[in-house]
file final_1.txt (compact mmCIF, C-alpha atoms and all ligand atoms)
# COMPACT_ATOMS: atom_id res chain seq x y z
CA MET A 1 127.46 125.71 138.20
CA LYS A 2 128.78 123.97 141.32
CA ALA A 3 127.61 120.60 142.63
CA VAL A 4 126.95 119.38 146.15
CA ILE A 5 127.03 115.67 146.97
CA PRO A 6 125.58 114.82 150.39
CA ALA A 7 127.30 111.71 151.72
CA ALA A 8 127.07 112.08 155.48
CA GLY A 9 124.16 109.72 156.21
CA LEU A 10 124.50 106.81 158.62
CA GLY A 11 123.40 104.16 156.12
CA THR A 12 121.38 102.23 158.70
CA ARG A 13 119.52 100.24 156.04
CA PHE A 14 122.81 98.65 155.06
CA LEU A 15 124.21 97.69 158.46
CA PRO A 16 126.50 96.01 159.35
CA ALA A 17 128.31 96.76 156.03
CA THR A 18 128.15 100.49 156.82
CA LYS A 19 129.23 100.30 160.45
CA ALA A 20 132.83 101.36 159.79
CA GLN A 21 132.73 102.35 156.11
CA PRO A 22 130.59 104.85 154.23
CA LYS A 23 127.85 103.34 152.07
CA GLU A 24 128.91 105.82 149.37
CA MET A 25 132.25 103.92 149.19
CA LEU A 26 130.65 100.49 148.67
CA PRO A 27 131.82 99.29 145.27
CA VAL A 28 129.32 98.81 142.51
CA PHE A 29 131.05 96.25 140.32
CA ASP A 30 134.53 97.82 140.19
CA LYS A 31 134.17 101.40 141.44
CA PRO A 32 132.93 103.03 144.63
CA THR A 33 129.40 104.38 144.26
CA ILE A 34 130.40 107.99 144.84
CA GLN A 35 132.87 107.87 141.96
CA TYR A 36 129.97 107.26 139.55
CA VAL A 37 128.21 110.25 141.12
CA VAL A 38 131.24 112.53 140.73
CA GLU A 39 131.66 111.31 137.13
CA GLU A 40 128.02 112.26 136.41
CA ALA A 41 128.64 115.79 137.70
CA VAL A 42 131.78 116.07 135.57
CA ALA A 43 130.00 114.69 132.49
CA SER A 44 127.33 117.37 133.06
CA GLY A 45 130.00 120.07 132.76
CA ILE A 46 130.60 120.71 136.47
CA ASP A 47 134.16 120.97 137.77
CA ASP A 48 133.60 122.30 141.32
CA ILE A 49 132.17 119.69 143.66
CA LEU A 50 131.51 119.90 147.39
CA ILE A 51 131.05 116.59 149.18
CA ILE A 52 129.23 116.67 152.53
CA THR A 53 130.88 114.11 154.75
CA GLY A 54 130.66 113.22 158.41
CA LYS A 55 132.16 111.04 161.07
CA GLY A 56 133.72 107.84 159.68
CA LYS A 57 133.80 109.13 156.09
CA ARG A 58 137.54 109.78 155.74
CA SER A 59 137.93 107.14 153.04
CA ILE A 60 135.86 109.33 150.69
CA GLU A 61 138.45 112.11 151.00
CA ASP A 62 141.30 109.64 150.54
CA HIS A 63 139.69 108.19 147.43
CA PHE A 64 139.69 111.54 145.60
CA ASP A 65 143.12 112.58 146.87
CA ARG A 66 146.51 111.82 145.31
CA SER A 67 148.13 108.64 146.65
CA PHE A 68 151.85 109.17 146.11
CA GLU A 69 152.96 105.86 147.64
CA LEU A 70 150.55 103.87 145.51
CA GLU A 71 151.43 105.83 142.38
CA TYR A 72 155.17 105.29 143.06
CA PHE A 73 154.61 101.56 143.52
CA LEU A 74 152.56 101.23 140.32
CA ARG A 75 155.09 103.24 138.31
CA LYS A 76 158.02 101.20 139.63
CA ASN A 77 156.26 97.94 138.73
CA ASN A 78 155.19 99.08 135.26
CA LYS A 79 151.48 98.85 136.03
CA LYS A 80 150.65 101.71 133.70
CA GLU A 81 146.98 100.86 133.24
CA TYR A 82 146.31 100.97 136.99
CA LEU A 83 148.48 104.03 137.41
CA ASP A 84 146.49 105.96 134.78
CA GLU A 85 143.25 104.97 136.47
CA VAL A 86 144.40 105.99 139.95
CA GLU A 87 145.75 109.33 138.73
CA ALA A 88 142.59 110.06 136.76
CA ILE A 89 140.44 109.83 139.90
CA SER A 90 142.25 112.68 141.64
CA ASP A 91 142.15 114.77 138.43
CA LEU A 92 138.38 114.45 137.92
CA ALA A 93 137.42 117.86 139.32
CA ASP A 94 138.13 120.34 142.12
CA ILE A 95 136.66 118.48 145.05
CA TYR A 96 136.04 120.11 148.43
CA PHE A 97 134.77 118.65 151.66
CA VAL A 98 132.75 119.91 154.58
CA ARG A 99 131.51 117.89 157.53
CA GLN A 100 127.94 117.70 158.71
CA LYS A 101 128.36 117.62 162.48
CA GLU A 102 125.18 115.72 163.28
CA GLN A 103 123.06 113.58 160.93
CA LYS A 104 119.98 115.79 161.11
CA GLY A 105 118.67 114.98 157.65
CA LEU A 106 119.23 115.75 153.97
CA GLY A 107 118.07 119.38 154.29
CA ASP A 108 120.58 119.98 157.06
CA ALA A 109 123.34 118.31 154.99
CA ILE A 110 122.63 120.65 152.06
CA TYR A 111 122.62 123.63 154.45
CA CYS A 112 126.29 122.84 155.23
CA ALA A 113 127.05 123.91 151.62
CA ARG A 114 125.75 127.49 151.94
CA LYS A 115 129.16 129.16 152.35
CA HIS A 116 130.66 127.25 149.43
CA ILE A 117 127.71 128.14 147.17
CA ASP A 118 127.67 131.80 148.32
CA GLY A 119 127.20 134.17 145.37
CA GLU A 120 125.92 131.49 142.96
CA GLU A 121 122.36 131.67 141.62
CA ALA A 122 121.82 127.94 141.61
CA PHE A 123 123.65 124.69 142.26
CA ALA A 124 123.23 121.00 141.53
CA VAL A 125 122.66 118.34 144.18
CA LEU A 126 123.45 114.67 143.53
CA LEU A 127 122.75 112.16 146.30
CA GLY A 128 125.90 110.20 147.06
CA ASP A 129 124.09 106.87 147.27
CA THR A 130 122.23 107.06 143.97
CA ILE A 131 123.68 106.27 140.55
CA THR A 132 121.99 107.20 137.30
CA SER A 133 122.51 105.88 133.81
CA SER A 134 121.38 107.70 130.66
CA ASP A 135 122.55 109.12 127.33
CA VAL A 136 122.39 112.71 128.55
CA PRO A 137 123.56 112.76 132.20
CA CYS A 138 120.63 113.31 134.59
CA THR A 139 122.17 116.44 136.13
CA ARG A 140 122.74 117.89 132.64
CA GLN A 141 119.04 117.33 131.84
CA LEU A 142 118.14 119.39 134.94
CA MET A 143 120.68 122.11 134.16
CA ASP A 144 119.07 122.43 130.72
CA ILE A 145 115.63 122.90 132.30
CA TYR A 146 117.04 125.46 134.73
CA GLU A 147 118.51 127.38 131.79
CA ARG A 148 115.25 127.15 129.83
CA TYR A 149 112.78 128.06 132.59
CA GLY A 150 115.00 129.99 135.05
CA ALA A 151 113.69 127.98 138.00
CA SER A 152 114.67 125.05 140.20
CA ALA A 153 114.34 121.61 138.61
CA ILE A 154 114.29 118.16 140.17
CA ALA A 155 114.37 114.73 138.60
CA VAL A 156 111.36 112.51 139.18
CA GLU A 157 110.46 109.01 138.09
CA GLU A 158 107.37 106.85 138.17
CA VAL A 159 107.41 104.25 140.94
CA PRO A 160 104.90 101.46 141.61
CA ARG A 161 101.99 102.84 143.66
CA ASP A 162 102.74 100.49 146.60
CA LYS A 163 106.26 101.95 146.93
CA VAL A 164 105.35 105.66 147.17
CA GLU A 165 105.83 105.69 150.94
CA ARG A 166 109.59 105.28 150.46
CA TYR A 167 110.04 108.53 148.51
CA GLY A 168 109.30 112.23 148.28
CA ILE A 169 106.27 112.45 145.96
CA ILE A 170 105.22 115.41 143.80
CA ASP A 171 101.87 116.85 142.81
CA GLY A 172 101.89 118.86 139.59
CA ARG A 173 100.67 119.42 136.05
CA GLU A 174 102.52 118.48 132.91
CA VAL A 175 103.53 121.66 131.06
CA SER A 176 105.41 119.96 128.27
CA GLU A 177 106.30 116.35 127.59
CA GLY A 178 107.84 114.89 130.76
CA ILE A 179 108.08 118.28 132.51
CA TYR A 180 105.79 119.07 135.43
CA SER A 181 105.16 122.37 137.14
CA ILE A 182 105.10 121.25 140.78
CA ASP A 183 102.24 122.45 143.00
CA ASP A 184 103.20 120.50 146.09
CA MET A 185 105.43 117.69 147.35
CA VAL A 186 105.32 115.43 150.34
CA GLU A 187 108.02 113.30 151.95
CA LYS A 188 107.25 109.58 152.29
CA PRO A 189 103.42 109.80 152.24
CA PRO A 190 101.17 106.86 153.13
CA ILE A 191 99.82 105.29 149.88
CA SER A 192 96.34 106.74 150.54
CA GLU A 193 97.69 110.30 150.74
CA ALA A 194 100.20 110.23 147.84
CA PRO A 195 99.24 112.86 145.25
CA SER A 196 100.89 110.85 142.41
CA ASN A 197 103.41 108.10 141.86
CA LEU A 198 106.12 110.50 140.65
CA ALA A 199 109.02 110.14 143.07
CA ILE A 200 111.91 112.53 143.70
CA MET A 201 114.94 110.40 142.91
CA GLY A 202 118.07 112.20 144.07
CA ARG A 203 119.06 114.80 141.48
CA TYR A 204 118.25 118.50 141.82
CA VAL A 205 119.19 121.92 140.50
CA LEU A 206 118.20 124.36 143.24
CA GLU A 207 118.16 128.13 143.41
CA SER A 208 120.29 129.25 146.33
CA GLU A 209 117.33 130.81 148.15
CA ILE A 210 116.74 127.20 149.26
CA PHE A 211 119.18 127.90 152.12
CA ASP A 212 116.78 130.49 153.64
CA HIS A 213 113.97 127.97 153.46
CA ILE A 214 116.03 125.18 155.04
CA GLU A 215 116.88 127.56 157.87
CA ASN A 216 113.19 128.17 158.57
CA VAL A 217 111.75 124.73 158.07
CA PRO A 218 110.97 122.72 161.23
CA PRO A 219 112.02 119.05 161.54
CA GLY A 220 109.70 116.92 159.40
CA PHE A 221 109.36 113.20 158.64
CA GLY A 222 111.46 111.12 161.05
CA GLY A 223 112.37 114.25 163.05
CA GLU A 224 114.86 115.22 160.31
CA ILE A 225 115.30 118.51 158.43
CA GLN A 226 113.81 117.45 155.12
CA LEU A 227 114.94 118.97 151.83
CA THR A 228 111.46 118.24 150.43
CA ASP A 229 109.84 120.49 153.07
CA ALA A 230 112.22 123.34 152.22
CA MET A 231 111.64 122.88 148.46
CA ARG A 232 107.87 123.37 149.01
CA GLU A 233 108.69 126.96 149.90
CA LEU A 234 110.38 127.71 146.55
CA LYS A 235 108.11 129.72 144.25
CA THR A 236 108.58 127.58 141.16
CA VAL A 237 109.97 124.08 140.85
CA TYR A 238 109.86 121.89 137.77
CA GLY A 239 109.85 118.11 137.91
CA CYS A 240 111.60 116.44 135.01
CA VAL A 241 110.73 112.81 134.32
CA PHE A 242 114.20 111.36 134.10
CA ARG A 243 115.01 109.76 130.74
CA GLY A 244 117.28 107.00 132.03
CA LYS A 245 117.61 104.57 134.89
CA THR A 246 118.22 105.15 138.61
CA TYR A 247 120.04 102.85 141.01
CA ASP A 248 119.63 103.39 144.77
CA ILE A 249 122.49 101.54 146.39
CA GLY A 250 121.40 102.43 149.94
CA ASN A 251 119.77 99.03 150.44
CA ARG A 252 121.25 95.56 150.03
CA VAL A 253 119.11 94.13 147.25
CA ASP A 254 119.32 97.14 144.95
CA TRP A 255 123.06 97.44 145.54
CA LEU A 256 123.54 93.79 144.56
CA LYS A 257 121.31 94.10 141.47
CA THR A 258 123.21 97.20 140.36
CA SER A 259 126.56 95.48 140.74
CA LEU A 260 125.30 92.54 138.68
CA GLU A 261 123.86 94.78 135.97
CA PHE A 262 127.07 96.80 135.66
CA ALA A 263 129.18 93.62 135.57
CA MET A 264 126.94 92.27 132.80
CA ARG A 265 127.93 95.28 130.66
CA ASP A 266 131.52 94.07 130.69
CA ASP A 267 132.14 91.79 127.68
CA GLU A 268 134.99 89.93 129.40
CA ILE A 269 133.12 89.22 132.62
CA ARG A 270 129.62 88.50 131.22
CA PRO A 271 130.04 84.87 129.99
CA GLU A 272 131.55 83.70 133.30
CA LEU A 273 128.93 85.54 135.30
CA VAL A 274 126.05 84.14 133.26
CA ASP A 275 127.39 80.58 133.71
CA TYR A 276 127.76 81.15 137.42
CA MET A 277 124.23 82.58 137.79
CA ARG A 278 122.78 79.63 135.82
CA GLY A 279 124.55 77.30 138.24
CA LEU A 280 123.17 79.20 141.22
CA ILE A 281 119.64 79.20 139.85
CA SER A 282 119.68 75.44 139.32
CA ARG A 283 120.94 74.95 142.89
CA TYR A 284 118.51 77.22 144.81
P1 LIG B 1 119.35 108.54 153.00
O1 LIG B 1 118.21 108.84 153.89
O2 LIG B 1 119.17 107.51 151.94
O3 LIG B 1 120.66 108.16 153.81
O4 LIG B 1 119.88 109.90 152.41
P2 LIG B 1 120.88 107.54 155.22
O5 LIG B 1 120.27 108.38 156.28
O6 LIG B 1 122.36 107.29 155.30
O7 LIG B 1 120.14 106.14 155.04
P3 LIG B 1 119.51 105.13 156.07
O8 LIG B 1 118.03 105.38 155.94
O9 LIG B 1 120.07 105.40 157.44
O10 LIG B 1 119.89 103.78 155.55
C1 LIG B 1 120.22 110.14 151.05
C2 LIG B 1 121.58 110.81 150.93
O11 LIG B 1 121.68 111.93 151.82
C3 LIG B 1 122.80 111.80 152.67
C4 LIG B 1 123.17 110.31 152.65
O12 LIG B 1 124.56 110.12 152.86
C5 LIG B 1 122.73 109.86 151.28
O13 LIG B 1 123.75 110.02 150.31
N1 LIG B 1 122.48 112.30 154.03
C6 LIG B 1 121.36 111.88 154.68
C7 LIG B 1 123.34 113.20 154.63
O14 LIG B 1 124.37 113.60 154.04
N2 LIG B 1 123.05 113.63 155.89
C8 LIG B 1 121.94 113.23 156.58
O15 LIG B 1 121.74 113.68 157.73
C9 LIG B 1 121.08 112.32 155.95

call {"tool": "encode", "arguments": {"input": "final_1.txt", "output": "structure tokens"}}
result
Amino acid sequence: MKAVIPAAGLGTRFLPATKAQPKEMLPVFDKPTIQYVVEEAVASGIDDILIITGKGKRSIEDHFDRSFELEYFLRKNNKKEYLDEVEAISDLADIYFVRQKEQKGLGDAIYCARKHIDGEEAFAVLLGDTITSSDVPCTRQLMDIYERYGASAIAVEEVPRDKVERYGIIDGREVSEGIYSIDDMVEKPPISEAPSNLAIMGRYVLESEIFDHIENVPPGFGGEIQLTDAMRELKTVYGCVFRGKTYDIGNRVDWLKTSLEFAMRDDEIRPELVDYMRGLISRY
């Protein structure tokens, strides 16, 4: 199976940080966000990845490319540890790029992948601004459902009722533990109209007929071509309650929290960080 990572959005919620750099390249602790996303695809068994980029996103391509000058410098100065790390990034997978010409929404971004996916029954989608953490990679969990049921599968997670208007929300019935057969879905509903508090969180395995539906779907919420609207047209979609944790780095607070949490996992950094945070807390 191939993977598509949409990373062409304007990142307006994170301005001015995202004025001249992609939000997908913002580091979370010590790695750019999109590297975690690519690593999840690879850990799920995928080695063909298409990244949807756009204007001002060149650094994403550079990050996954070889950097001969840097590698030469590191080799010459005996910085083997760094050298290994830099080389490993460009060896992660076969990574391809296509540009979304205009930021017309997530559905339109996915549509840019149709020629690359041509001939495949299904493909995985991983949002470039969302990191997941779990024992079994989130995308792998969805691939397993696709293999079991032969239908599209999307990851969902419970969100507090007062936050439903930030997400795509599903309506469905549980067919086995944590797996819902989806009857309907709605993008960013007002709280009063949300059919549940199960939110679509940025990981999908979609049958390739989705491209026909994207083509036919009119602009939806915010005047954008919404993937959620196109997915409503698929005959069968399963929602899988994700066993793990999701981190949306597209807004400042969650990005900062994620960086802190990931830094806390590092045994060397943790004591210093804890001391520093204690100091901050006593000061503010
Ligand atoms: P978001 O809606 O979170 O991204 O899309 P955005 O539009 O950049 O965010 P704000 O609201 O302006 O802050 C989720 C993912 O889909 C991609 C984004 O790059 C992000 O990874 N996306 C979104 C596209 O590739 N193209 C689009 O037209 C919109």

call {"tool": "closest_residue", "arguments": {"input": "final_1.txt", "among": "A:Ile170, A:Ile117, A:Ile249, A:Ile179", "to": "ligand LIG 1 (chain B)", "atoms": "all atoms listed in the file"}}
result
A:Ile249

call {"tool": "closest_residue", "arguments": {"input": "final_1.txt", "among": "A:Thr139, A:Glu120, A:Leu126, A:Phe262", "to": "A:Glu209", "atoms": "all atoms listed in the file"}}
result
A:Glu120

call {"tool": "residues_near_ligand", "arguments": {"input": "final_1.txt", "ligand": "ligand LIG 1 (chain B)", "cutoff": "7 Å", "atoms": "only C-alpha atoms and all ligand atoms", "output": "ChimeraX atom specification"}}
result
/A:6-14,24,52-53,100,102-106,108-109,127-129,250-251

call {"tool": "closest_residue", "arguments": {"input": "final_1.txt", "among": "A:Gly222, A:Gly178, A:Ala194, A:Pro22", "to": "A:Val159", "atoms": "only C-alpha atoms"}}
result
A:Ala194

call {"tool": "atom_distance", "arguments": {"input": "final_1.txt", "atom1": "atom CA of A:Pro27", "atom2": "atom CA of A:Arg140"}}
result
24.2 Å

call {"tool": "closest_residue", "arguments": {"input": "final_1.txt", "among": "A:Gly220, A:Gly239, A:Gly56, A:Pro189", "to": "A:Ile145", "atoms": "all atoms listed in the file"}}
result
A:Gly239

call {"tool": "residues_around", "arguments": {"input": "final_1.txt", "residues": "A:Asp171", "least_positions_apart": "6", "cutoff": "10 Å", "atoms": "only C-alpha atoms", "output": "PDB file with C-alpha atoms, in the frame of the given file"}}
result
ATOM      1  CA  TYR A 180     105.790 119.070 135.430  1.00  0.00           C
ATOM      2  CA  SER A 181     105.160 122.370 137.140  1.00  0.00           C
ATOM      3  CA  ILE A 182     105.100 121.250 140.780  1.00  0.00           C
ATOM      4  CA  ASP A 183     102.240 122.450 143.000  1.00  0.00           C
ATOM      5  CA  ASP A 184     103.200 120.500 146.090  1.00  0.00           C
ATOM      6  CA  MET A 185     105.430 117.690 147.350  1.00  0.00           C
ATOM      7  CA  VAL A 186     105.320 115.430 150.340  1.00  0.00           C
ATOM      8  CA  ALA A 194     100.200 110.230 147.840  1.00  0.00           C
ATOM      9  CA  PRO A 195      99.240 112.860 145.250  1.00  0.00           C
ATOM     10  CA  SER A 196     100.890 110.850 142.410  1.00  0.00           C
ATOM     11  CA  ASN A 197     103.410 108.100 141.860  1.00  0.00           C
ATOM     12  CA  LEU A 198     106.120 110.500 140.650  1.00  0.00           C
ATOM     13  CA  ALA A 199     109.020 110.140 143.070  1.00  0.00           C
ATOM     14  CA  GLY A 239     109.850 118.110 137.910  1.00  0.00           C
TER      15      GLY A 239
END

call {"tool": "closest_residue", "arguments": {"input": "final_1.txt", "among": "A:Arg161, A:Lys23, A:Arg265, A:Arg243", "to": "A:Ile60", "atoms": "all atoms listed in the file"}}
result
A:Lys23

call {"tool": "atom_distance", "arguments": {"input": "final_1.txt", "atom1": "atom CA of A:Lys80", "atom2": "atom CA of A:Tyr36"}}
result
22.2 Å

call {"tool": "closest_residue", "arguments": {"input": "final_1.txt", "among": "A:Asp254, A:Glu207, A:Asp47, A:Asp65", "to": "A:Val237", "atoms": "only C-alpha atoms"}}
result
A:Glu207

call {"tool": "atom_distance", "arguments": {"input": "final_1.txt", "atom1": "atom CA of A:Asp229", "atom2": "atom CA of A:Ile214"}}
result
8.0 Å

call {"tool": "residues_around", "arguments": {"input": "final_1.txt", "residues": "A:Arg114", "least_positions_apart": "4", "cutoff": "12 Å", "atoms": "only C-alpha atoms", "output": "JSON, numbers by chain"}}
result
{"A": [2, 3, 4, 50, 52, 98, 107, 108, 109, 110, 118, 119, 120, 121, 122, 123, 206, 207, 208, 209, 210, 211, 212, 213, 214, 215]}

call {"tool": "residues_around", "arguments": {"input": "final_1.txt", "residues": "A:Phe29", "least_positions_apart": "4", "cutoff": "8 Å", "atoms": "all atoms listed in the file", "output": "list of chain:residue names"}}
result
A:Thr258, A:Ser259, A:Leu260, A:Phe262, A:Ala263

call {"tool": "axis_aligned_box", "arguments": {"input": "final_1.txt", "around": "stretch 208-214 of chain A", "padding_each_side": "6 Å", "output": "lines of an AutoDock Vina configuration file"}}
result
center_x = 117.1
center_y = 128.0
center_z = 150.7
size_x = 18.3
size_y = 17.6
size_z = 20.7

call {"tool": "residues_around", "arguments": {"input": "final_1.txt", "residues": "A:Cys240", "least_positions_apart": "5", "cutoff": "12 Å", "atoms": "all atoms listed in the file", "output": "number ranges by chain"}}
result
A: 138-146, 149, 152-158, 170, 172-182, 198-205

call {"tool": "decode", "arguments": {"input": "final_1.txt", "residues": "stretch 20-43 of chain A", "atoms": "N, CA and C atoms", "output": "PDB file, in the first residue's frame"}}
result
ATOM      1  N   ALA A  20       6.925  31.872   6.670  1.00  0.00           N
ATOM      2  CA  ALA A  20       7.928  31.511   5.657  1.00  0.00           C
ATOM      3  C   ALA A  20       8.461  30.093   5.840  1.00  0.00           C
ATOM      4  N   GLN A  21       7.835  29.309   6.743  1.00  0.00           N
ATOM      5  CA  GLN A  21       8.253  27.910   6.868  1.00  0.00           C
ATOM      6  C   GLN A  21       7.018  27.029   7.087  1.00  0.00           C
ATOM      7  N   PRO A  22       7.051  25.836   6.525  1.00  0.00           N
ATOM      8  CA  PRO A  22       5.886  24.953   6.658  1.00  0.00           C
ATOM      9  C   PRO A  22       5.674  24.539   8.108  1.00  0.00           C
ATOM     10  N   LYS A  23       4.395  24.481   8.531  1.00  0.00           N
ATOM     11  CA  LYS A  23       4.162  24.028   9.913  1.00  0.00           C
ATOM     12  C   LYS A  23       4.607  22.582  10.077  1.00  0.00           C
ATOM     13  N   GLU A  24       4.561  21.815   8.976  1.00  0.00           N
ATOM     14  CA  GLU A  24       4.962  20.401   9.051  1.00  0.00           C
ATOM     15  C   GLU A  24       6.452  20.250   9.342  1.00  0.00           C
ATOM     16  N   MET A  25       7.231  21.351   9.174  1.00  0.00           N
ATOM     17  CA  MET A  25       8.668  21.302   9.466  1.00  0.00           C
ATOM     18  C   MET A  25       8.987  21.846  10.863  1.00  0.00           C
ATOM     19  N   LEU A  26       7.976  22.313  11.594  1.00  0.00           N
ATOM     20  CA  LEU A  26       8.265  22.793  12.953  1.00  0.00           C
ATOM     21  C   LEU A  26       8.751  21.614  13.777  1.00  0.00           C
ATOM     22  N   PRO A  27       9.862  21.793  14.504  1.00  0.00           N
ATOM     23  CA  PRO A  27      10.353  20.649  15.274  1.00  0.00           C
ATOM     24  C   PRO A  27       9.472  20.351  16.468  1.00  0.00           C
ATOM     25  N   VAL A  28       9.279  19.087  16.714  1.00  0.00           N
ATOM     26  CA  VAL A  28       8.673  18.646  17.963  1.00  0.00           C
ATOM     27  C   VAL A  28       9.800  17.971  18.717  1.00  0.00           C
ATOM     28  N   PHE A  29      10.233  18.608  19.770  1.00  0.00           N
ATOM     29  CA  PHE A  29      11.450  18.264  20.507  1.00  0.00           C
ATOM     30  C   PHE A  29      12.651  18.319  19.555  1.00  0.00           C
ATOM     31  N   ASP A  30      13.048  17.205  18.934  1.00  0.00           N
ATOM     32  CA  ASP A  30      14.293  17.265  18.158  1.00  0.00           C
ATOM     33  C   ASP A  30      14.147  16.823  16.704  1.00  0.00           C
ATOM     34  N   LYS A  31      12.895  16.728  16.233  1.00  0.00           N
ATOM     35  CA  LYS A  31      12.680  16.290  14.844  1.00  0.00           C
ATOM     36  C   LYS A  31      11.544  17.093  14.240  1.00  0.00           C
ATOM     37  N   PRO A  32      11.592  17.360  12.922  1.00  0.00           N
ATOM     38  CA  PRO A  32      10.436  18.023  12.321  1.00  0.00           C
ATOM     39  C   PRO A  32       9.206  17.115  12.371  1.00  0.00           C
ATOM     40  N   THR A  33       8.059  17.724  12.561  1.00  0.00           N
ATOM     41  CA  THR A  33       6.805  16.970  12.692  1.00  0.00           C
ATOM     42  C   THR A  33       6.641  15.930  11.594  1.00  0.00           C
ATOM     43  N   ILE A  34       6.890  16.337  10.355  1.00  0.00           N
ATOM     44  CA  ILE A  34       6.598  15.424   9.235  1.00  0.00           C
ATOM     45  C   ILE A  34       7.507  14.197   9.239  1.00  0.00           C
ATOM     46  N   GLN A  35       8.649  14.292   9.903  1.00  0.00           N
ATOM     47  CA  GLN A  35       9.499  13.096   9.997  1.00  0.00           C
ATOM     48  C   GLN A  35       8.824  12.007  10.849  1.00  0.00           C
ATOM     49  N   TYR A  36       8.158  12.437  11.936  1.00  0.00           N
ATOM     50  CA  TYR A  36       7.413  11.457  12.744  1.00  0.00           C
ATOM     51  C   TYR A  36       6.332  10.793  11.887  1.00  0.00           C
ATOM     52  N   VAL A  37       5.712  11.606  11.022  1.00  0.00           N
ATOM     53  CA  VAL A  37       4.606  11.089  10.202  1.00  0.00           C
ATOM     54  C   VAL A  37       5.133  10.067   9.186  1.00  0.00           C
ATOM     55  N   VAL A  38       6.248  10.401   8.541  1.00  0.00           N
ATOM     56  CA  VAL A  38       6.861   9.472   7.591  1.00  0.00           C
ATOM     57  C   VAL A  38       7.289   8.194   8.330  1.00  0.00           C
ATOM     58  N   GLU A  39       7.848   8.351   9.522  1.00  0.00           N
ATOM     59  CA  GLU A  39       8.291   7.174  10.292  1.00  0.00           C
ATOM     60  C   GLU A  39       7.108   6.270  10.649  1.00  0.00           C
ATOM     61  N   GLU A  40       5.938   6.882  10.908  1.00  0.00           N
ATOM     62  CA  GLU A  40       4.745   6.057  11.197  1.00  0.00           C
ATOM     63  C   GLU A  40       4.357   5.234   9.965  1.00  0.00           C
ATOM     64  N   ALA A  41       4.400   5.871   8.786  1.00  0.00           N
ATOM     65  CA  ALA A  41       4.058   5.142   7.557  1.00  0.00           C
ATOM     66  C   ALA A  41       5.029   3.977   7.363  1.00  0.00           C
ATOM     67  N   VAL A  42       6.311   4.253   7.561  1.00  0.00           N
ATOM     68  CA  VAL A  42       7.329   3.212   7.376  1.00  0.00           C
ATOM     69  C   VAL A  42       7.127   2.078   8.399  1.00  0.00           C
ATOM     70  N   ALA A  43       6.862   2.466   9.649  1.00  0.00           N
ATOM     71  CA  ALA A  43       6.652   1.443  10.693  1.00  0.00           C
ATOM     72  C   ALA A  43       5.398   0.617  10.415  1.00  0.00           C
TER      73      ALA A  43
END
